[in-house]
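Have a look at the structure below before the remarks.
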Amino acid sequence: MSNKIEQFSMKLAEAESTRIGIEAPTSVDAELTVKDAYYIQLENIKKRVAEGQKIVGKKIGLTSLAMQNLLGVDEPDYGHLLDSMVVENGGKISIEKVLQPKVEGEIAFILKKDLRGPNVTTLDVLQATEYIVPALEIVDSRVKDWKIKLADTVADNASSGFYVLGGKPTKIEDIDLELIGMTLSKNGDLVNTGVGAAALGNPANCVAWLANKLSEFDIPLRAGEVILSGALSAAIEAHEGDSFTARFAHIGQVSVRF
């Protein structure tokens, strides 16, 4: 492991612990690559697993064209979900546990079969899915003021924070993923709407991309894992006292408080 991977992994872990944001890694090291960043992410995940946390799934970010254009990239990114990130539907997240949180509405896939790339197709994803449920992802950045490039968010576990699953388990064959509509409300007011097609045309396409991307690191998607397939609309800032509810056509709703 190179010194830069060790140093940046330590800085990001310290920022999460102290809740004091750091300068973007790419502003410190202009030669930091996205592949370097994935190894930084993996180093911190390895440490957290060694401390007793468990990997329970993966998340996909930057699935919308708007977000890719914003960061000047042409593909999504991914992060790991740990059991310490789980919040009950309707539960509360202490503002003391986050730095600069934002909330996104997503569709979560729960797998019944392993998926190992390369060459995983969207059909493979559909056949490997036990069911889908509505989800809220609370994204957070250990980088000051969200001033990030692709390598910065990748190194920071794809800006992961917490996640909430809700609604009702729905078999994937009973739904048209592309047409699932979503509304996201903050403190009772509608702030965003979205549709399944916003995530790479179909949320299952995102899961297929993830399985194939992970093959570069010899990591499979495992049966039983939760896969957050990507935001269906823009992330909304959260502050102490705020509440959020996402409602999805046919599959129910999910909520969280701060």
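Please note that chains go A, B, ... in the order of the structure tokens, that every chain numbers its residues from 1, and that ligands are numbered from 1 in the order shown.
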
Residue neighbourhood A:Lys54, 9 Å, only C-alpha atoms, exclusion window fewer than 6 positions, as an MDAnalysis selection string: chainID A and resid 48 81:84

What's around A:Gly105 at 9 Å? Count only C-alpha atoms, leave out sequence neighbours fewer than 6 positions away in its own chain, and write the answer as an MDAnalysis selection string. chainID A and resid 134:137 182:184 194 230:235 245:247 254

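Excluding A:Asp176 itself and any same-chain residue fewer than 5 positions from it, the protein and nucleic acid residues within 10 Å of it, counting only C-alpha atoms, are Gly196, Ala197, Asn202 and His250 of chain A.
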
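With only C-alpha atoms as the atoms that count, the minimum distance from A:Val28 to the choices A:Asp189, A:Asp218, A:Asp152, A:Asp174 is reached by A:Asp152.
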
The residue from A:Ala155, A:Ala208, A:Ile227, A:Ala24 with the smallest atom-to-atom distance to A:Ile5, counting only C-alpha atoms, is A:Ala155

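Between atom CA of A:Arg142 and atom CA of A:Glu96 lies a distance of 13.7 Å.
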
Could you go through stretch 13-247 of chain A and tell me which residues DSSP, when run on the backbone, assigns to strand (DSSP E), listing them as number ranges by chain? A: 55-61, 77-82, 86-87, 102-111, 129-139, 162-165, 181-186, 189-195, 226-231, 236-237, 243-247

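Using only C-alpha atoms, the shortest contact distance between A:Leu177 and any of A:Glu6, A:Asp74, A:Glu106, A:Glu43 is found at A:Glu106.
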
Could you tell me how far atom CA of A:Ile55 sits from atom CA of A:Gln127, in Å to one decimal place?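 Rounded to one decimal, the two atoms are 22.5 Å apart.
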
For each of A:Gly72, A:Phe244, A:Ile172, A:Asp124, take the minimum atom-to-atom distance to A:Leu190, counting only C-alpha atoms, then give the residue where this is smallest.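 Of A:Gly72, A:Phe244, A:Ile172, A:Asp124, the one nearest A:Leu190 is A:Phe244, counting only C-alpha atoms.
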
By how many Å are atom CA of A:Lys186 and atom CA of A:Val256 apart?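 The value is 9.9 Å.
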
Write out as a CSV table (one decimal) with N, CA and C atoms, in the first residue's frame which residues come within 6 Å of A:Gly61 when counting only C-alpha atoms, dropping same-chain ones fewer than 4 positions away.
chain,number,residue,atom,x,y,z
A,76,PRO,N,-20.9,6.4,-13.1
A,76,PRO,CA,-21.2,6.5,-11.6
A,76,PRO,C,-20.0,6.1,-10.7
A,77,ASP,N,-20.2,6.1,-9.4
A,77,ASP,CA,-19.3,5.6,-8.5
A,77,ASP,C,-20.0,4.7,-7.5
A,78,TYR,N,-19.2,4.2,-6.6
A,78,TYR,CA,-19.9,3.3,-5.6
A,78,TYR,C,-19.2,3.4,-4.2
A,230,GLY,N,-29.2,4.4,-6.6
A,230,GLY,CA,-28.9,5.8,-7.1
A,230,GLY,C,-30.1,6.7,-6.9

Considering only C-alpha atoms, can you say which of A:Lys92, A:His80, A:Lys144, A:Lys149 comes closest to A:Asn44? A:His80

Distance query A:Glu75 at most 8 Å, only C-alpha atoms, self and fewer than 4 positions along chain excluded, as number ranges by chain: A: 62-63, 68

Between A:Lys59, A:Leu126, A:Asp145, A:Val49, single out the one closest to A:Glu23, counting only C-alpha atoms.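 So, comparing all the options, the nearest one is A:Asp145.
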
Helix (DSSP H, G or I) call set, DSSP backbone run, stretch 20-242 of chain A, as a ChimeraX atom specification: /A:25-28,34-50,65-71,83-85,95-97,122-128,144-146,150-155,157-159,172-174,177-179,196-198,203-217
